[in-house]
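Remarks on the structure that follows.
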Amino acid sequence: MVQIFYDLLAFFGITADAPQNLSEFFPWFLAILVGFALFLFVFGIIKDFTHTFARGGRF
């Protein structure tokens with residue numbers, strides 16, 4: 001599970017090294033949250049499309 005998390009961080013260009021102080025933590029954590037939100041958003045869109053078209057394409 002840790003390797004999957006590190007691969008996701010690398011995909012969004014975030015270093016896997018933990019921040020050394022609080023001033024490094026906030027931008028690092030914000031980048032993780034934005035990347036995770038984009039990840040969930042894309043899969044949410046895919047889920048909506050599959051549910052829509054699985055019912056025969058009625059909107």
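Chain labels follow the order of the structure tokens: the first chain is A, the next B, and so on; residue numbering restarts at 1 in every chain, and ligands are counted from 1 in their shown order.
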Taking only chain A into account, list the residues labelled helix (DSSP H, G or I) by DSSP (computed from the backbone), as a VMD selection string. chain A and resid 2 to 11 22 to 54
I want to know what sits within 12 Å of segment 34-45 of chain A, based on only C-alpha atoms, with residues of the same chain fewer than 2 positions away left out; could you give that as a PyMOL selection string? chain A and resi 5+7-14+27-32+47-52
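The gap separating atom CA of Met1 of chain A from atom CA of Ala18 of chain A is 16.9 Å, in Å to one decimal.
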